[in-house]
Every structure is written in structure tokens, then in C-alpha cells.
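A.B. asks: Handing you a structure now.
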Number of protein chains: 2
Amino acid sequence: MLTLQQTAQELLSFEDVLILCHRNPDGDTLGSGYALCRAYLEHGVRARVFCSDEVPEKFHYLSDCIPQTEFTPRHILSVDVADPGLLGEKALNLVASLHPVELSIDHHPTHRQFADEIYVEANSASCCEIIRVLLEEMGWEVTPSIASCLYTGIATDTGCFKFSNTSPRTHRIAAEMIEKGADYIPINKVMFDTLTFPELALERLALEKMWMSEDGSIAVMTITTDMLHKTSVSESELDRITSFTRKIKGVEIGITIKQRGPEDFKVSVRTGESRSAADICAVFGGGGHARAAGCQFNEADPVHIREQLLQAVRDTDPEVCHG
Amino acid sequence: MLTLQQTAQELLSFEDVLILCHRNPDGDTLGSGYALCRAYLEHGVRARVFCSDEVPEKFHYLSDCIPQTEFTPRHILSVDVADPGLLGEKALNLVASLHPVELSIDHHPTHRQFADEIYVEANSASCCEIIRVLLEEMGWEVTPSIASCLYTGIATDTGCFKFSNTSPRTHRIAAEMIEKGADYIPINKVMFDTLTFPELALERLALEKMWMSEDGSIAVMTITTDMLHKTSVSESELDRITSFTRKIKGVEIGITIKQRGPEDFKVSVRTGESRSAADICAVFGGGGHARAAGCQFNEADPVHIREQLLQAVRDTDPEVCHG
């Protein structure tokens with residue numbers, strides 16, 4: 001792995017740069033990509049960002065006013081991409097037609113090296129935090145637009161400074177980004193305080209059908225493709241709703257059953273201290289961590305899936321829970 | 001108004017201190033009160049916190065392990081109290097039986113002086129931010145328990161760093177509080193990621209009955225006392241639900257009609273840039289700001305109230321909106 005200084009030197013040596021984001025893009029990969037892209041353009045270096053999937057509308061401000069220039073990339077780097085598979089098909093094809101990814105900057109502890117060189121800070125709450133530190137090392141200024149890009153990734157990857165990955169450095173960089181002109185008020189509004197009408201309609205449906213155990217310790221939420229069609233909600237808008245069960249006070253086991261096809265259900269299990277999510281999911285060939293795990297069912301009836309899961313909860317002795 | 005230095009000197013001179021919080025207490029008034037109380041106790045000064053209303057269970061950790069000592073207060077101060085009426089009846093009676101409030105520390109721009117001396121920083125996002133600065137000026141250390149108290153007020157009054165009152169200083173003090181040992185992960189979980197089952201049940205009911213204009217620009221949510229009884233939700237748990245309408249994408253006018261008695265409804269109106277909430281509420285003798293205002297109705301039928309409000313929306317010409 002490169003050091004911070006080496007990474008900064010490598011970034012300074014690049015020209016005609018292609019920056020790859022991960023598929024199903026979020027605020028951190030896009031914020032990192034466009035912050036770097038804008039910094040290159042500020043220094044007269046041609047650069048562009050590429051993502052296999054379409055960028056959701058709420059992130060369009062990140063690329064505002066960036067001129068589209070055509071050039072054949074001489075250097076390719078990736079940001080916030082933990083695994084080559086996460087580049088997505090289009091980016092993989094593009095890379096195959098050019099040359100390998102030269103440098104990968106990432107913050108995932110599970111990073112699987114696919115680039116020639118990597119710079120990974122596994123303790124960083126976001127990739128944008130790392131980009132901030134790199135720009136400083138490069139001696140490159142943070143303009144207001146760059147500050148907005150970096151703030152976006154820092155805020156979204158920490159649930160607006162709510163999650164446990166938030167560190168003192170996260171807050172200090174956020175303070176600096178606000179001072180540098182990040183448009184943090186509308187960004188927070190769009191990222192954390194905006195509900196679409198379809199989301200609300202789905203929430204209503206999902207709440208109506210939520211199953212709770214009598215003692216309130218188990219909550220099961222089911223989202224069928226039928227419900228998604230009825231409410232015109234897309235997969236990418238599901239985050240808020242699927243995190244519901246584990247927010248309910250008293251719930252020790254929160255289960256979300258999400259349909260992906262006629263006989264294809266993805267299950268995610270979140271547990272408190274007393275039970276192992278991994279143990280419950282292992283019964284169905286799934287896995288994960290003690291507090292968060294997942295498994296899959298290839299059958300058609302979500303009620304039957306729920307019953308099997310509840311049986312597994314009963315069968316999984318809390319006494320032998322592996323925390 | 002006192003200067004920061006004078007306020008610190010005054011705080012240092014106090015003994016047998018009674019600290020008053022505002023009624024219907026929140027994280028900022030309680031965090032400020034218990035942070036100061038703990039700081040006094042650390043320095044061998046007797047101190048206690050008083051609030052007219054019961055402290056909600058989720059804030060009980062703020063006073064954990066504080067020994068209850070009996071003493072006749074010699075000095076009385078208030079924290080985060082913008083107006084004497086907000087002290088509540090019990091605190092007002094207590095003050096009347098002792099002597100006037102000597103010092104009031106606050107961050108509300110609308111502060112109405114009732115104490116002998118005041119220290120008001122109207123630009124501060126929270127009162128806890130001011131307490132942090134005062135403790136520094138006093139040369140008093142921030143222990144982990146004090147850090148947790150201060151973090152609580154800083155986070156809750158900014159919606160976890162989401163609202164427009166968040167400043168670079170807010171983030172820098174949050175960083176410092178985390179370093180000093182604030183238990184920020186469970187605090188964030190309880191304050192921002194916990195829903196009670198009654199809240200969910202009420203949400204379901206309220207969403208079912210929410211009224212939307214055909215073009216999606218007006219949303220009206222009605223919460224009746226009947227709905228509160230059915231779901232066992234208390235007034236103090238209503239914040240999340242009443243903020244719903246203005247979060248919906250495309251909604252320019254969000255109205256919440258909240259019943260307080262058989263013929264007593266409180267209405268809050270939030271608007272986007274195009275309309276004045278104050279103008280709409282003025283029709284019914286209410287008032288407020290351009291973007292947020294309120295009014296009252298003394299009648300029994302919420303549907304009739306909604307119709308009058310919608311008529312006022314139609315009558316209030318956007319062209320003459322006073323922003």
C-alpha cells in the first residue's frame with residue numbers, strides 16, 4: 001500500500017484522468033469522484049468521472065458546470081470501490097478497452113485489491129475524508145464546489161454524523177468544509193429531510209403489513225415487488241424503509257423480507273446484544289456479522305418465509321449465541 | 001449584558017447553586033443544566049437542577065450518579081430559558097419563594113430578560129455550545145459525563161448537525177466532546193434512531209388520513225386527540241410526525257392541524273419560497289415568520305378547519321407574498 005505522501009505524489013503526476021465510481025452510486029463515491037475531478041480541472045488537467053449506473057437526480061449538483069471534454073484517458077483511478085465487481089459492467093468494459101486501474105483510493109476494511117496501487121484508510125468514515133487529506137498533502141485548494149462535494153460524502157456516509165464511524169476528524173473536516181463554502185444547508189435538506197410521495201405511500205403500506213411478536217421484541221417488515229410497483233418506488237429509495245424495524249424501541253430482532261423476483265426474496269436480519277443475526281441466517285445458508293446478517297429464499301410466499309425465519313429464531317438458542 | 005469573561009467570573013463566584021431548565025425540557029436545556037451541575041459538583045460546590053416538568057426517560061442518563069443533596073439555594077441561574085413563562089409554574093413558584101434569578105444563559109434571539117444579568121449568544125446553535133465556551137473560560141475541565149451532557153444539547157438542537165444553525169464551531173465542539181469521552185454512539189441512537197411502537201402506530205394513522213392537493217403542492221396532516229388516545233402517544237412525542245408534511249418533495253405548503261381539546265386546534269403552517277406562512281395564518285389572527293407560522297381554531301371539526309385554511313391559501317395571492 002502507498003503512503004499518504006506517495007499517493008499525493010502519484011495523483012500530482014496524473015494527466016488525462018478517468019475517475020471511476022462504484023455502481024449504484026452514493027454520495028461518498030460521487031462526492032470523492034467529483035471533488036477530485038474538479039480539483040484536476042482547476043489545475044488545467046483534463047479529467048472526467050465515470051459510473052456504470054445512472055446518477056440519481058438528487059446528486060446532479062455535484063457535477064454542475066463541469067465542462068464535458070473528450071480525451072483518451074492516460075490514467076485511471078477509482079474512489080470508494082471496495083471490490084472490482086462493484087465497478088459494474090460498463091466500467092469494467094471501459095477499463096478492459098483501455099488499461100488497468102492504476103490507483104484505488106478507498107476506506108472499506110474489506111477492500112480487495114484490483115488496482116496496481118492502493119491507498120486505503122479503513123478507519124476513515126468516508127472516502128471523501130481521505131480525499132480532503134490528500135488534497136491538503138498535494139497543496140491544492142478546496143474551492144466552494146469541491147467543499148460541497150466533500151461535505152456530501154462525509155455527511156451521507158455517517159448518516160449526518162449519527163453513525164458510530166463518525167470521528168473527531170469527521171467533525172473537524174465538516175467544520176472546515178462549511179468554512180470553505182460547502183452548501184451544507186440545501187445538501188442536508190435533500191439528503192436527510194426529503195421524502196418523496198412514493199416513499200410515503202410505500203411506508204404506509206409496509207407499516208400496515210408489519211408483523212410484530214406479541215412481546216414486541218421481533219418485528220418483520222415485508223416489501224413485495226407488487227408494493228414497489230403500486231407505489232412506484234425504486235430499489236434505491238428503499239434504505240429508509242428497510243431500516244425501520246431496527247429503530248423500533250424494544251425490538252431485539254428486526255427482519256426485512258424484500259422481494260426481488262417471483263421466487264426471489266432477500267432477507268436482512270438485525271439483532272440487539274442478546275441474539276446472533278449470523279446464527280439465524282446460517283440456518284438458511286446465509287451469513288454476516290453478529291448484529292447484521294442476510295440470507296436468500298427462492299420461493300414464492302413471503303408469509304411462509306417469515307414463518308421459517310421465526311422458527312429459526314426460536315430454534316437458535318440465545319445461550320449459545322456467538323457474539 | 002455581561003461579557004463572556006464576566007459571566008465566567010460570576011459562575012465561579014456562585015455557591016449552593018440552583019440551575020433552572022425550561023418546562024417541556026429538551027436535550028439542550030437539560031444538557032446545559034446537568035453539565036454545569038456536574039462541573040460545580042466536581043469542584044465541591046453544591047448544585048442541583050430543577051425543571052417544572054418531568055424529565056422524559058430518554059434523558060435520564062444526563063443525571064446518572066448525581067448525588068441528591070439538600071440545601072437552600074444561594075444563587076439561581078437559568079439555562080436555555082428564553083422567557084420567564086417558559087420556566088413553568090413550579091419553577092416560578094420556587095423562585096418566588098427564594099429570590100430572583102441572578103443569571104440567565106441563553107442562545108435564543110428572542111430572549112426576554114427576566115434575570116438580573118444575562119449572557120446571550122444568539123448565533124450559537126445551542127446553549128450547550130455556550131456552556132462549553134464558559135467552562136473553558138472558567139478553566140474547568142470537561143469530564144466524560146460533562147462531555148455527554150454537552151454533546152446531547154449540541155446534537156439535539158441541530159437535528160444531529162442537519163439544521164441551518166449548525167456552524168463550524170458546532171462541529172469543532174462536537175469533535176472535542178467526542179475526544180473528551182462523550183458517549184455519542186448510544187446518544188445518537190436514542191435521540192435520532194429510535195421509534196416507539198405508539199409513534200409508529202400514530203404515523204400509520206396520520207399518513208392514512210393525510211390530505212394532499214392534486215398537484216402535490218399542499219399537504220395537510222391532522223392529529224386528533226382521539227388518534228393520540230388510540231395510540232397512547234404523548235404530546236412530547238409528536239415532533240417527528242408533525243415535521244412530515246414539509247419533508248415531502250414537491251410540497252410548498254405543509255400544514256399540521258393538532259387537536260388539544262374538544263374545540264381547540266393548533267395549526268402550524270410551513271411554506272417554501274413562493275408563499276408566506278405568516279400571511280396565511282394572519283387570516284385567522286395568527287402570526288409568525290414568512291416560512292413558519294401558526295394560528296388557533298376554537299371549533300370542533302378539523303375538516304372544516306382544513307377547508308378554511310385551503311380557502312385562505314387560495315385567497316392569499318403569491319404575488320403579494322411578503323417574504
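Chain labels A, B, ... are given in the sequence in which chains occur in the C-alpha cells; within each chain residues are numbered consecutively from 1, and ligands are likewise numbered from 1 in the order shown.
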Check every residue of chain B for an atom within 7 Å of chain A, counting only C-alpha atoms, and provide those that qualify as a list in words.
C.D. replies: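 Close enough to count are Cys160, Phe161, Lys162, Phe163, Ser164, Pro168, Arg169, His171, Arg172, Ala174, Ala175, Glu176, Ile178, Glu179, Ile185, Asn188, Asp193, Thr194, Leu195, Thr196, Phe197, Arg204, Leu207, Lys247, Ile248 and Lys249 of chain B.
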A.B. asks: List as a PyMOL selection string the protein and nucleic acid residues near Ala312 in chain A, meaning an atom at most 8 Å away when only C-alpha atoms are counted, but skip any in the same chain fewer than 3 places from it.
C.D. replies: chain A and resi 280+283+308-309+315-316
A.B. asks: Give me the residues within 12 Å of Glu57 in chain A as a ChimeraX atom specification, counting only C-alpha atoms and dropping any in the same chain fewer than 5 places off.
C.D. replies: /A:25-27,62-64,190-191,236
A.B. asks: Mind checking DSSP for range 93-185 of chain B and telling me the alpha helix (DSSP H) residues as a PyMOL selection string?
C.D. replies: chain B and resi 93-97+127-138+144-156+168-179+184-185
A.B. asks: Could you take the residues named above and write them with N, CA and C atoms, as a CSV table (one decimal), in the first residue's frame?
C.D. replies:
```csv
chain,number,residue,atom,x,y,z
B,93,ASN,N,-42.8,29.3,41.1
B,93,ASN,CA,-43.2,29.4,42.5
B,93,ASN,C,-42.0,29.2,43.4
B,94,LEU,N,-41.1,28.3,42.9
B,94,LEU,CA,-39.8,28.1,43.7
B,94,LEU,C,-39.0,29.4,43.7
B,95,VAL,N,-38.9,30.1,42.6
B,95,VAL,CA,-38.1,31.3,42.5
B,95,VAL,C,-38.8,32.4,43.4
B,96,ALA,N,-40.1,32.4,43.4
B,96,ALA,CA,-40.9,33.4,44.2
B,96,ALA,C,-40.6,33.2,45.7
B,97,SER,N,-40.4,31.9,46.1
B,97,SER,CA,-40.2,31.6,47.5
B,97,SER,C,-38.8,31.8,47.9
B,127,CYS,N,-27.5,26.1,23.6
B,127,CYS,CA,-27.0,26.7,24.8
B,127,CYS,C,-25.8,25.9,25.3
B,128,CYS,N,-25.7,24.6,25.0
B,128,CYS,CA,-24.6,23.7,25.4
B,128,CYS,C,-23.3,24.2,24.8
B,129,GLU,N,-23.3,24.8,23.6
B,129,GLU,CA,-22.1,25.3,22.9
B,129,GLU,C,-21.6,26.5,23.8
B,130,ILE,N,-22.5,27.3,24.3
B,130,ILE,CA,-22.1,28.4,25.2
B,130,ILE,C,-21.5,27.9,26.5
B,131,ILE,N,-22.1,26.9,27.1
B,131,ILE,CA,-21.6,26.3,28.3
B,131,ILE,C,-20.2,25.8,28.1
B,132,ARG,N,-20.0,25.2,27.0
B,132,ARG,CA,-18.6,24.7,26.7
B,132,ARG,C,-17.6,25.8,26.7
B,133,VAL,N,-17.9,26.9,26.1
B,133,VAL,CA,-17.0,28.0,26.0
B,133,VAL,C,-16.8,28.7,27.4
B,134,LEU,N,-17.9,28.7,28.2
B,134,LEU,CA,-17.8,29.3,29.5
B,134,LEU,C,-16.9,28.4,30.4
B,135,LEU,N,-17.1,27.1,30.3
B,135,LEU,CA,-16.3,26.2,31.2
B,135,LEU,C,-14.8,26.4,30.8
B,136,GLU,N,-14.5,26.6,29.5
B,136,GLU,CA,-13.1,26.8,29.1
B,136,GLU,C,-12.6,28.1,29.8
B,137,GLU,N,-13.4,29.1,29.7
B,137,GLU,CA,-13.1,30.4,30.2
B,137,GLU,C,-12.8,30.3,31.8
B,138,MET,N,-13.7,29.4,32.4
B,138,MET,CA,-13.5,29.3,33.8
B,138,MET,C,-12.3,28.4,34.2
B,144,PRO,N,-15.8,13.1,31.1
B,144,PRO,CA,-16.6,12.3,30.1
B,144,PRO,C,-18.1,12.6,30.3
B,145,SER,N,-18.6,12.6,31.6
B,145,SER,CA,-20.0,12.8,31.8
B,145,SER,C,-20.5,14.2,31.4
B,146,ILE,N,-19.6,15.2,31.6
B,146,ILE,CA,-20.0,16.6,31.2
B,146,ILE,C,-20.0,16.6,29.6
B,147,ALA,N,-19.0,15.9,29.0
B,147,ALA,CA,-19.0,15.8,27.6
B,147,ALA,C,-20.3,15.2,27.0
B,148,SER,N,-20.8,14.2,27.7
B,148,SER,CA,-22.0,13.6,27.2
B,148,SER,C,-23.2,14.5,27.3
B,149,CYS,N,-23.2,15.3,28.4
B,149,CYS,CA,-24.3,16.3,28.6
B,149,CYS,C,-24.2,17.3,27.5
B,150,LEU,N,-23.0,17.9,27.2
B,150,LEU,CA,-22.9,18.9,26.3
B,150,LEU,C,-23.2,18.4,24.8
B,151,TYR,N,-22.6,17.2,24.5
B,151,TYR,CA,-22.9,16.6,23.2
B,151,TYR,C,-24.4,16.5,23.0
B,152,THR,N,-25.1,16.1,24.0
B,152,THR,CA,-26.6,15.9,23.9
B,152,THR,C,-27.3,17.2,23.4
B,153,GLY,N,-27.0,18.3,24.0
B,153,GLY,CA,-27.6,19.5,23.6
B,153,GLY,C,-27.2,20.0,22.2
B,154,ILE,N,-25.9,19.8,22.0
B,154,ILE,CA,-25.3,20.3,20.7
B,154,ILE,C,-26.0,19.5,19.5
B,155,ALA,N,-26.1,18.1,19.7
B,155,ALA,CA,-26.7,17.3,18.7
B,155,ALA,C,-28.2,17.5,18.6
B,156,THR,N,-28.9,17.5,19.7
B,156,THR,CA,-30.4,17.6,19.6
B,156,THR,C,-30.8,19.0,19.0
B,168,PRO,N,-19.4,26.0,11.9
B,168,PRO,CA,-18.1,25.3,12.1
B,168,PRO,C,-17.8,25.1,13.6
B,169,ARG,N,-18.1,26.1,14.4
B,169,ARG,CA,-17.8,25.9,15.8
B,169,ARG,C,-18.6,24.7,16.4
B,170,THR,N,-19.9,24.6,15.9
B,170,THR,CA,-20.7,23.4,16.4
B,170,THR,C,-19.9,22.1,16.2
B,171,HIS,N,-19.4,22.0,14.9
B,171,HIS,CA,-18.7,20.7,14.6
B,171,HIS,C,-17.4,20.6,15.4
B,172,ARG,N,-16.7,21.7,15.6
B,172,ARG,CA,-15.4,21.6,16.3
B,172,ARG,C,-15.7,21.2,17.8
B,173,ILE,N,-16.7,21.8,18.4
B,173,ILE,CA,-17.0,21.4,19.8
B,173,ILE,C,-17.5,20.0,19.8
B,174,ALA,N,-18.2,19.5,18.9
B,174,ALA,CA,-18.6,18.1,18.8
B,174,ALA,C,-17.4,17.2,18.8
B,175,ALA,N,-16.5,17.6,17.9
B,175,ALA,CA,-15.2,16.8,17.8
B,175,ALA,C,-14.5,16.7,19.2
B,176,GLU,N,-14.4,17.9,19.8
B,176,GLU,CA,-13.8,17.9,21.2
B,176,GLU,C,-14.6,17.1,22.2
B,177,MET,N,-15.9,17.1,22.2
B,177,MET,CA,-16.7,16.4,23.1
B,177,MET,C,-16.5,14.9,22.9
B,178,ILE,N,-16.4,14.4,21.7
B,178,ILE,CA,-16.1,13.0,21.4
B,178,ILE,C,-14.7,12.6,22.0
B,179,GLU,N,-13.8,13.5,21.8
B,179,GLU,CA,-12.4,13.2,22.3
B,179,GLU,C,-12.4,13.2,23.9
B,184,TYR,N,-21.3,9.3,22.5
B,184,TYR,CA,-22.1,9.8,21.4
B,184,TYR,C,-22.8,8.7,20.6
B,185,ILE,N,-22.3,7.5,20.6
B,185,ILE,CA,-23.0,6.5,19.7
B,185,ILE,C,-24.3,6.1,20.3
```
A.B. asks: Name all residues at most 12 Å from Lys258 in chain A (count only C-alpha atoms; drop same-chain ones fewer than 6 positions away) and give them as a PDB file with C-alpha atoms, in the first residue's frame.
C.D. replies:
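Below is the file around_31.pdb, written as the result:
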```pdb
ATOM      1  CA  ALA A 206     -45.309  -1.517   4.771  1.00  0.00           C
ATOM      2  CA  VAL A 220     -40.823  -8.343  10.449  1.00  0.00           C
ATOM      3  CA  MET A 221     -41.339  -5.994   7.514  1.00  0.00           C
ATOM      4  CA  THR A 222     -42.142  -7.360   4.076  1.00  0.00           C
ATOM      5  CA  ILE A 223     -41.664  -5.380   0.864  1.00  0.00           C
ATOM      6  CA  THR A 224     -43.012  -7.167  -2.206  1.00  0.00           C
ATOM      7  CA  THR A 225     -42.400  -6.218  -5.833  1.00  0.00           C
ATOM      8  CA  ASP A 226     -46.148  -5.676  -6.011  1.00  0.00           C
ATOM      9  CA  MET A 227     -45.876  -2.994  -3.305  1.00  0.00           C
ATOM     10  CA  LEU A 228     -42.989  -1.356  -5.189  1.00  0.00           C
ATOM     11  CA  GLU A 235     -34.904  -0.170  -5.178  1.00  0.00           C
ATOM     12  CA  LEU A 238     -35.692   1.595  -0.022  1.00  0.00           C
ATOM     13  CA  ASP A 239     -32.946   2.359   2.520  1.00  0.00           C
ATOM     14  CA  ILE A 241     -37.932   1.992   4.994  1.00  0.00           C
ATOM     15  CA  THR A 242     -35.822  -1.124   5.448  1.00  0.00           C
ATOM     16  CA  ASP A 264     -36.556 -14.490  -5.091  1.00  0.00           C
ATOM     17  CA  PHE A 265     -36.538 -12.890  -1.629  1.00  0.00           C
ATOM     18  CA  LYS A 266     -33.617 -11.194   0.089  1.00  0.00           C
ATOM     19  CA  VAL A 267     -33.762 -11.225   3.885  1.00  0.00           C
ATOM     20  CA  SER A 268     -31.828  -8.961   6.214  1.00  0.00           C
ATOM     21  CA  VAL A 269     -31.703  -9.606   9.947  1.00  0.00           C
ATOM     22  CA  GLY A 294     -28.580 -11.785   5.467  1.00  0.00           C
ATOM     23  CA  CYS A 295     -29.890 -14.762   3.552  1.00  0.00           C
ATOM     24  CA  GLN A 296     -31.935 -15.604   0.498  1.00  0.00           C
ATOM     25  CA  PHE A 297     -35.093 -17.605  -0.237  1.00  0.00           C
ATOM     26  CA  ASN A 298     -36.085 -18.996  -3.603  1.00  0.00           C
ATOM     27  CA  ALA A 300     -42.933 -17.519  -3.697  1.00  0.00           C
ATOM     28  CA  ASP A 301     -44.699 -16.968  -0.364  1.00  0.00           C
ATOM     29  CA  PRO A 302     -43.346 -14.260   1.989  1.00  0.00           C
ATOM     30  CA  VAL A 303     -45.604 -15.447   4.815  1.00  0.00           C
ATOM     31  CA  ILE A 305     -40.584 -17.297   4.601  1.00  0.00           C
ATOM     32  CA  ARG A 306     -41.480 -15.308   7.713  1.00  0.00           C
TER      33      ARG A 306
END
```
A.B. asks: Using DSSP on the backbone coordinates, identify all residues within range 29-237 of chain B classified as strand (DSSP E); present the result as a list of chain:residue names.
C.D. replies: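 Strand (DSSP E) members of range 29-237 of chain B, listed: B:Ala47, B:Arg48, B:Val49, B:Phe50, B:His75, B:Ile76, B:Leu77, B:Ser78, B:Val79, B:Leu103, B:Ser104, B:Ile105, B:Asp106, B:Glu117, B:Ile118, B:Tyr119, B:Val120, B:Trp211, B:Met212, B:Ile218, B:Ala219, B:Val220, B:Met221, B:Thr222, B:Ile223.
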A.B. asks: Those same residues, written as an mmCIF file, in the first residue's frame with C-alpha atoms?
C.D. replies:
```cif
data_model
loop_
_atom_site.group_PDB
_atom_site.id
_atom_site.type_symbol
_atom_site.label_atom_id
_atom_site.label_comp_id
_atom_site.auth_asym_id
_atom_site.auth_seq_id
_atom_site.Cartn_x
_atom_site.Cartn_y
_atom_site.Cartn_z
ATOM 1 C CA ALA B 47 -25.644 22.355 42.957
ATOM 2 C CA ARG B 48 -28.849 20.877 41.638
ATOM 3 C CA VAL B 49 -31.037 21.105 38.535
ATOM 4 C CA PHE B 50 -34.740 21.896 38.626
ATOM 5 C CA HIS B 75 -27.628 31.527 43.742
ATOM 6 C CA ILE B 76 -30.139 30.801 40.996
ATOM 7 C CA LEU B 77 -29.364 30.643 37.303
ATOM 8 C CA SER B 78 -31.303 29.529 34.248
ATOM 9 C CA VAL B 79 -30.105 27.823 31.060
ATOM 10 C CA LEU B 103 -28.029 34.923 35.796
ATOM 11 C CA SER B 104 -29.616 33.647 32.614
ATOM 12 C CA ILE B 105 -27.517 31.924 29.951
ATOM 13 C CA ASP B 106 -29.316 31.535 26.639
ATOM 14 C CA GLU B 117 -27.818 39.523 34.487
ATOM 15 C CA ILE B 118 -27.853 37.770 31.121
ATOM 16 C CA TYR B 119 -25.369 36.177 28.779
ATOM 17 C CA VAL B 120 -26.997 35.549 25.402
ATOM 18 C CA TRP B 211 -54.739 15.223 2.701
ATOM 19 C CA MET B 212 -52.768 16.192 -0.427
ATOM 20 C CA ILE B 218 -50.156 21.266 -0.394
ATOM 21 C CA ALA B 219 -50.157 18.609 2.338
ATOM 22 C CA VAL B 220 -52.376 18.730 5.409
ATOM 23 C CA MET B 221 -51.876 16.381 8.323
ATOM 24 C CA THR B 222 -54.440 16.169 11.099
ATOM 25 C CA ILE B 223 -53.698 14.746 14.551
#
```
